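Heads up: the structure comes next, in structure tokens.
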Protein chains: 2
Amino acid sequence: MAQDTREQLLDAAERLFSERGVRASSVRDITRSAGANTAAVNYHFGSKLGLLQAVCARRLKPLNAERIAGLVLLAEAPETPRLECILRAFLQPAFTMFREHPEFMRLFAALHVAPDNMRSLVYRNTDSEQLVRMLRKTLPRALPEASAQELFWRVHFIVGAMSIAFTGSPDIGLLSAGEVARDSDPVMLERLIDFGAAGLSAIPAFEALALPGDSR
Amino acid sequence: MAQDTREQLLDAAERLFSERGVRASSVRDITRSAGANTAAVNYHFGSKLGLLQAVCARRLKPLNAERIAGLVLLAEAPETPRLECILRAFLQPAFTMFREHPEFMRLFAALHVAPDNMRSLVYRNTDSEQLVRMLRKTLPRALPEASAQELFWRVHFIVGAMSIAFTGSPDIGLLSAGEVARDSDPVMLERLIDFGAAGLSAIPAFEALALPGDSR
DNA sequence: GTCTATAGGTGGATAGAC
DNA sequence: GTCTATCCACCTATAGAC
């Protein structure tokens with residue numbers, strides 16, 4: 001049952017890392033929760049950080065594959081892709097993943113802004129380079145006016161906004177108790193596409209300030 | 001030198017929490033880095049979490065005070081405030097704080113999407129309720145068409161985007177090595193205001209999907 | 001207020017039997 | 001591949017002298 005133990009460890013780690021944080025989840029907690037013995041993590045993944053990396057790769061690889069496939073379709077079409085379609089190709093798979101594995105997407109959101117030492121692990125073996133390549137191929141076609149620098153940051157702003165959609169905000173319930181309900185995931189996706197498409201299309205009011213390094 | 005030790009502890013904790021994470025920074029590391037003795041944290045703050053709360057309150061209280069003051073000015077003006085001005089009142093103080101204490105704003109960004117147990121501490125004694133009240137008073141004037149629900153989430157999207165501006169992204173340097181440089185802070189502020197104002201003004205394409213709970 | 005010493009517990013990782 | 005037992009470094013918090 002080697003495969004089975006491996007999967008159970010990944011499941012348990014994903015859940016505990018997400019709920020309590022990576023550092024706060026001990027290898028002992030994880031193996032106990034997975035019904036495995038204490039040494040299993042080190043046997044299967046080498047170390048706790050190896051386990052974290054495997055947790056990320058398991059979800060990010062298919063997620064990015066789906067994103068890339070959608071973007072390739074848009075890139076191959078003869079007409080210029082609509083901005084909303086590009087955003088949907090990027091965001092829809094993430095929301096689908098969130099429906100199926102909300103714990104992972106919350107963990108992923110947290111790792112996104114975590115201290116550097118952890119961030120470097122997350123993207124290994126996830127085809128992220130190819131995803132970025134496809135974004136850089138499709139987005140400028142829909143937004144020929146925008147500089148690469150501008151697009152780069154705006155895409156990352158959208159990633160930050162997505163993280164909030166997945167984690168909620170600390171204010172929710174604390175500051176607006178009862179007044180604002182959590183929306184369903186499909187609504188949040190549409191909300192984010194509307195927001196992101198408008199943000200990406202914004203006309204910079206400060207073009208004159210752009211740095212020399214800001215080329216293309 | 002009681003005050004002095006206290007401040008030094010806050011400084012050291014802010015830096016270490018930000019660089020390594022809260023959990024990864026031990027009380028011993030903090031006291032050593034502050035030049036204080038091991039028991040100082042417990043004497044001055046009761047516990048490690050008490051120290052974290054004090055670290056947050058020290059920065060968030062003046063930050064929110066500045067934001068609130070700016071929003072009050074806009075609210076008292078006879079004419080309808082421009083959306084960009086409201087956003088600037090909210091974002092400018094944060095970027096000023098980032099210039100003076102980048103470690104704190106990175107820590108704050110990380111805590112924003114951290115597991116729940118830590119988030120509850122952050123906002124105590126920070127006048128966040130009043131800040132939200134002022135946003136809810138000013139924003140609908142500039143955006144009378146948008147529902148409260150819509151505005152709520154879009155403001156949070158902007159907060160998520162801001163977090164990315166402060167922490168950078170894991171992709172930076174990793175996926176786009178050398179091609180995209182980090183911009184100066186003032187440029188990032190203007191970038192975020194442009195992006196956020198456009199996003200806030202976006203016309204929802206899915207109004208029909210809005211939930212019954214989505215009032216006002 | 002500051003310090004040392006230490007209690008009392010948990011951490012990741014491994015050795016070696018099965 | 002799985003398990004037990006164990007190493008030892010490290011953690012937070014406190015007691016009690018100064």
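Identifiers in this document derive from the order of the structure tokens: chains are assigned A, B, ..., residues are numbered from 1 separately in each chain, and ligands are numbered from 1 in order of occurrence.
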
>> Over all C-alpha pairs taken in order, what is the RMSD once chain B has been least-squares superposed onto chain A?
In response: 0.1 Å

Can you list every residue in stretch 88-162 of chain B that DSSP puts in helix (DSSP H, G or I), as a short mmCIF file (atom, residue, chain, number, x, y, z; two decimals) with N, CA, C and O atoms, in the first residue's frame?
data_model
loop_
_atom_site.label_atom_id
_atom_site.label_comp_id
_atom_site.auth_asym_id
_atom_site.auth_seq_id
_atom_site.Cartn_x
_atom_site.Cartn_y
_atom_site.Cartn_z
N ARG B 88 -6.61 56.90 -2.98
CA ARG B 88 -5.33 57.45 -2.53
C ARG B 88 -5.33 57.64 -1.02
O ARG B 88 -4.32 57.36 -0.35
N ALA B 89 -6.45 58.09 -0.48
CA ALA B 89 -6.53 58.25 0.98
C ALA B 89 -6.33 56.91 1.68
O ALA B 89 -5.78 56.84 2.78
N PHE B 90 -6.75 55.85 1.02
CA PHE B 90 -6.63 54.52 1.61
C PHE B 90 -5.24 53.92 1.38
O PHE B 90 -4.66 53.29 2.28
N LEU B 91 -4.69 54.12 0.20
CA LEU B 91 -3.46 53.42 -0.18
C LEU B 91 -2.18 54.21 0.13
O LEU B 91 -1.15 53.61 0.47
N GLN B 92 -2.25 55.52 -0.02
CA GLN B 92 -1.03 56.32 0.16
C GLN B 92 -0.39 56.08 1.53
O GLN B 92 0.83 55.83 1.59
N PRO B 93 -1.15 56.13 2.63
CA PRO B 93 -0.53 55.90 3.94
C PRO B 93 0.13 54.52 4.04
O PRO B 93 1.16 54.37 4.69
N ALA B 94 -0.46 53.56 3.37
CA ALA B 94 0.13 52.21 3.40
C ALA B 94 1.48 52.20 2.69
O ALA B 94 2.43 51.55 3.13
N PHE B 95 1.57 52.90 1.57
CA PHE B 95 2.84 52.94 0.84
C PHE B 95 3.89 53.77 1.59
O PHE B 95 5.09 53.47 1.52
N THR B 96 3.43 54.81 2.28
CA THR B 96 4.36 55.57 3.12
C THR B 96 4.91 54.67 4.22
O THR B 96 6.12 54.64 4.49
N MET B 97 4.02 53.91 4.84
CA MET B 97 4.45 52.97 5.87
C MET B 97 5.40 51.93 5.28
O MET B 97 6.36 51.53 5.93
N PHE B 98 5.14 51.54 4.06
CA PHE B 98 6.01 50.55 3.41
C PHE B 98 7.40 51.11 3.18
O PHE B 98 8.40 50.40 3.28
N ARG B 99 7.45 52.39 2.87
CA ARG B 99 8.77 53.00 2.67
C ARG B 99 9.54 53.04 3.99
O ARG B 99 10.74 52.76 4.03
N GLU B 100 8.84 53.35 5.07
CA GLU B 100 9.51 53.50 6.36
C GLU B 100 9.71 52.16 7.08
O GLU B 100 10.69 51.98 7.80
N PRO B 102 9.19 48.55 5.66
CA PRO B 102 8.78 47.51 4.70
C PRO B 102 8.57 46.15 5.37
O PRO B 102 7.68 45.41 4.97
N GLU B 103 9.37 45.87 6.40
CA GLU B 103 9.22 44.58 7.08
C GLU B 103 7.81 44.44 7.64
O GLU B 103 7.20 43.38 7.51
N PHE B 104 7.31 45.51 8.24
CA PHE B 104 5.98 45.37 8.82
C PHE B 104 4.92 45.12 7.77
O PHE B 104 4.05 44.27 7.95
N MET B 105 4.97 45.86 6.68
CA MET B 105 3.92 45.71 5.68
C MET B 105 3.98 44.32 5.03
O MET B 105 2.95 43.77 4.62
N ARG B 106 5.15 43.75 4.95
CA ARG B 106 5.25 42.38 4.44
C ARG B 106 4.68 41.39 5.43
O ARG B 106 3.96 40.45 5.06
N LEU B 107 4.98 41.61 6.71
CA LEU B 107 4.38 40.77 7.75
C LEU B 107 2.87 40.88 7.72
O LEU B 107 2.15 39.87 7.77
N PHE B 108 2.38 42.11 7.61
CA PHE B 108 0.94 42.36 7.58
C PHE B 108 0.29 41.64 6.40
O PHE B 108 -0.77 41.01 6.54
N ALA B 109 0.94 41.72 5.24
CA ALA B 109 0.41 41.05 4.06
C ALA B 109 0.32 39.54 4.29
O ALA B 109 -0.66 38.89 3.90
N ALA B 110 1.35 38.98 4.92
CA ALA B 110 1.35 37.54 5.16
C ALA B 110 0.26 37.16 6.16
O ALA B 110 -0.43 36.14 5.98
N LEU B 111 0.08 37.97 7.19
CA LEU B 111 -0.93 37.66 8.21
C LEU B 111 -2.34 37.73 7.62
O LEU B 111 -3.26 37.06 8.09
N HIS B 112 -2.49 38.55 6.58
CA HIS B 112 -3.77 38.75 5.94
C HIS B 112 -4.38 37.47 5.40
O HIS B 112 -5.60 37.34 5.36
N ASP B 116 -6.61 31.14 10.29
CA ASP B 116 -7.49 31.98 11.11
C ASP B 116 -6.97 32.31 12.50
O ASP B 116 -7.15 33.42 12.98
N ASN B 117 -6.33 31.36 13.13
CA ASN B 117 -5.93 31.55 14.51
C ASN B 117 -5.07 32.79 14.71
O ASN B 117 -5.09 33.41 15.77
N MET B 118 -4.31 33.17 13.72
CA MET B 118 -3.47 34.35 13.88
C MET B 118 -4.17 35.63 13.45
O MET B 118 -3.93 36.68 14.01
N ARG B 119 -5.04 35.52 12.47
CA ARG B 119 -5.65 36.72 11.91
C ARG B 119 -6.42 37.50 12.95
O ARG B 119 -6.48 38.73 12.92
N SER B 120 -7.04 36.79 13.90
CA SER B 120 -7.92 37.47 14.86
C SER B 120 -7.15 38.47 15.72
O SER B 120 -7.70 39.47 16.16
N LEU B 121 -5.86 38.19 15.95
CA LEU B 121 -5.07 39.08 16.80
C LEU B 121 -4.78 40.43 16.15
O LEU B 121 -4.75 41.46 16.81
N VAL B 122 -4.56 40.38 14.84
CA VAL B 122 -3.93 41.49 14.14
C VAL B 122 -4.68 42.80 14.29
O VAL B 122 -4.09 43.87 14.45
N SER B 128 -9.79 49.70 13.12
CA SER B 128 -10.18 49.21 11.80
C SER B 128 -11.67 49.39 11.55
O SER B 128 -12.09 49.63 10.41
N GLU B 129 -12.47 49.28 12.61
CA GLU B 129 -13.92 49.44 12.43
C GLU B 129 -14.24 50.83 11.88
O GLU B 129 -15.05 50.98 10.97
N GLN B 130 -13.56 51.82 12.42
CA GLN B 130 -13.83 53.18 11.97
C GLN B 130 -13.37 53.38 10.53
O GLN B 130 -14.02 54.07 9.74
N LEU B 131 -12.25 52.75 10.19
CA LEU B 131 -11.77 52.83 8.81
C LEU B 131 -12.81 52.27 7.84
O LEU B 131 -13.13 52.88 6.82
N VAL B 132 -13.34 51.11 8.18
CA VAL B 132 -14.36 50.49 7.33
C VAL B 132 -15.59 51.39 7.24
O VAL B 132 -16.17 51.57 6.17
N ARG B 133 -15.95 51.99 8.37
CA ARG B 133 -17.11 52.88 8.37
C ARG B 133 -16.91 54.04 7.40
O ARG B 133 -17.81 54.40 6.64
N MET B 134 -15.71 54.60 7.39
CA MET B 134 -15.44 55.73 6.50
C MET B 134 -15.44 55.30 5.04
O MET B 134 -15.89 56.04 4.16
N LEU B 135 -14.93 54.11 4.76
CA LEU B 135 -14.96 53.62 3.38
C LEU B 135 -16.40 53.42 2.92
O LEU B 135 -16.76 53.75 1.79
N ARG B 136 -17.21 52.90 3.81
CA ARG B 136 -18.61 52.66 3.46
C ARG B 136 -19.39 53.95 3.32
O ARG B 136 -20.48 53.97 2.75
N LYS B 137 -18.86 55.01 3.88
CA LYS B 137 -19.53 56.30 3.76
C LYS B 137 -19.12 57.00 2.45
O LYS B 137 -19.95 57.61 1.77
N THR B 138 -17.83 56.90 2.09
CA THR B 138 -17.34 57.66 0.94
C THR B 138 -17.49 56.92 -0.38
O THR B 138 -17.87 57.53 -1.39
N LEU B 139 -17.18 55.64 -0.40
CA LEU B 139 -17.17 54.92 -1.68
C LEU B 139 -18.50 54.94 -2.42
O LEU B 139 -18.53 55.19 -3.63
N PRO B 140 -19.61 54.68 -1.74
CA PRO B 140 -20.89 54.67 -2.48
C PRO B 140 -21.23 56.01 -3.12
O PRO B 140 -21.98 56.05 -4.10
N ARG B 141 -20.68 57.09 -2.59
CA ARG B 141 -20.95 58.39 -3.21
C ARG B 141 -20.28 58.47 -4.58
O ARG B 141 -20.84 59.02 -5.53
N ALA B 142 -19.08 57.92 -4.66
CA ALA B 142 -18.36 57.95 -5.95
C ALA B 142 -18.85 56.86 -6.90
O ALA B 142 -18.65 56.95 -8.12
N ALA B 148 -23.37 47.23 -2.21
CA ALA B 148 -22.42 47.18 -1.09
C ALA B 148 -21.58 45.90 -1.15
O ALA B 148 -20.38 45.91 -0.86
N GLN B 149 -22.24 44.84 -1.54
CA GLN B 149 -21.57 43.55 -1.66
C GLN B 149 -20.43 43.63 -2.67
O GLN B 149 -19.30 43.20 -2.42
N GLU B 150 -20.77 44.21 -3.82
CA GLU B 150 -19.79 44.37 -4.88
C GLU B 150 -18.60 45.21 -4.40
O GLU B 150 -17.44 44.84 -4.57
N LEU B 151 -18.91 46.34 -3.79
CA LEU B 151 -17.84 47.24 -3.31
C LEU B 151 -16.98 46.55 -2.25
O LEU B 151 -15.76 46.67 -2.26
N PHE B 152 -17.63 45.85 -1.36
CA PHE B 152 -16.91 45.14 -0.31
C PHE B 152 -15.84 44.24 -0.89
O PHE B 152 -14.66 44.31 -0.52
N TRP B 153 -16.23 43.42 -1.85
CA TRP B 153 -15.26 42.48 -2.40
C TRP B 153 -14.20 43.17 -3.23
O TRP B 153 -13.02 42.80 -3.20
N ARG B 154 -14.59 44.18 -3.97
CA ARG B 154 -13.60 44.86 -4.79
C ARG B 154 -12.56 45.58 -3.94
O ARG B 154 -11.38 45.63 -4.31
N VAL B 155 -12.99 46.15 -2.83
CA VAL B 155 -12.00 46.77 -1.94
C VAL B 155 -11.04 45.70 -1.42
O VAL B 155 -9.83 45.92 -1.34
N HIS B 156 -11.59 44.54 -1.11
CA HIS B 156 -10.71 43.48 -0.63
C HIS B 156 -9.78 42.97 -1.73
O HIS B 156 -8.65 42.59 -1.47
N PHE B 157 -10.28 42.95 -2.96
CA PHE B 157 -9.39 42.60 -4.08
C PHE B 157 -8.21 43.56 -4.12
O PHE B 157 -7.06 43.16 -4.34
N ILE B 158 -8.49 44.83 -3.91
CA ILE B 158 -7.43 45.83 -3.94
C ILE B 158 -6.44 45.60 -2.80
O ILE B 158 -5.22 45.76 -2.97
N VAL B 159 -6.97 45.20 -1.65
CA VAL B 159 -6.08 44.90 -0.53
C VAL B 159 -5.16 43.72 -0.90
O VAL B 159 -3.97 43.73 -0.59
N GLY B 160 -5.72 42.73 -1.56
CA GLY B 160 -4.91 41.60 -2.01
C GLY B 160 -3.85 42.02 -3.01
O GLY B 160 -2.71 41.58 -2.95
N ALA B 161 -4.24 42.90 -3.92
CA ALA B 161 -3.28 43.41 -4.90
C ALA B 161 -2.17 44.19 -4.21
O ALA B 161 -0.99 44.07 -4.55
N MET B 162 -2.54 44.96 -3.20
CA MET B 162 -1.56 45.72 -2.43
C MET B 162 -0.54 44.78 -1.76
O MET B 162 0.65 45.06 -1.73
#

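The shortest atom-to-atom distance to chain B, with only C-alpha atoms taken into account, belongs to A:Val22 out of A:Val22, A:Leu10, A:Ala69, A:Ala75.
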
> What is the distance, in Å and to one decimal place, between atom CA of A:Asn37 and atom CA of B:Pro115?
Replying inline: 26.3 Å

>> Residues near C:DG12, anyone? I mean within 9 Å using only C-alpha atoms (C1' of nucleotides), not counting same-chain ones fewer than 4 positions away, as number ranges by chain.
In response: A: 26-27, 47-48

Closest atom pairs, chain A residues within 10 Å of chain D, only C-alpha atoms (C1' of nucleotides), as JSON lines:
{"residue": "A:Met1", "atom": "CA", "partner": "D:DG1", "partner_atom": "C1'", "distance": 8.4}
{"residue": "A:Ala2", "atom": "CA", "partner": "D:DG1", "partner_atom": "C1'", "distance": 6.9}
{"residue": "A:Thr5", "atom": "CA", "partner": "D:DG1", "partner_atom": "C1'", "distance": 9.8}
{"residue": "A:Ala36", "atom": "CA", "partner": "D:DT2", "partner_atom": "C1'", "distance": 8.7}
{"residue": "A:Asn37", "atom": "CA", "partner": "D:DC3", "partner_atom": "C1'", "distance": 6.8}
{"residue": "A:Thr38", "atom": "CA", "partner": "D:DC3", "partner_atom": "C1'", "distance": 8.5}
{"residue": "A:Ala39", "atom": "CA", "partner": "D:DC3", "partner_atom": "C1'", "distance": 8.2}
{"residue": "A:Ala40", "atom": "CA", "partner": "D:DT2", "partner_atom": "C1'", "distance": 8.1}
{"residue": "A:Tyr43", "atom": "CA", "partner": "D:DG1", "partner_atom": "C1'", "distance": 8.7}
{"residue": "A:His44", "atom": "CA", "partner": "D:DG1", "partner_atom": "C1'", "distance": 9.7}

> Quick one: which residues from chain C are at most 12 Å off chain A, using only C-alpha atoms (C1' of nucleotides), as number ranges by chain?
Replying inline: C: 10-15

> Which residue, B:His101, B:Val113, B:Ala57, B:Asp185, has the smallest gap to chain A when you use only C-alpha atoms?
Replying inline: B:Val113

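Proximity of B:Asp127, B:Glu84, B:Glu190, B:Asp29 to B:Arg59, computed with only C-alpha atoms, is greatest for B:Asp127.
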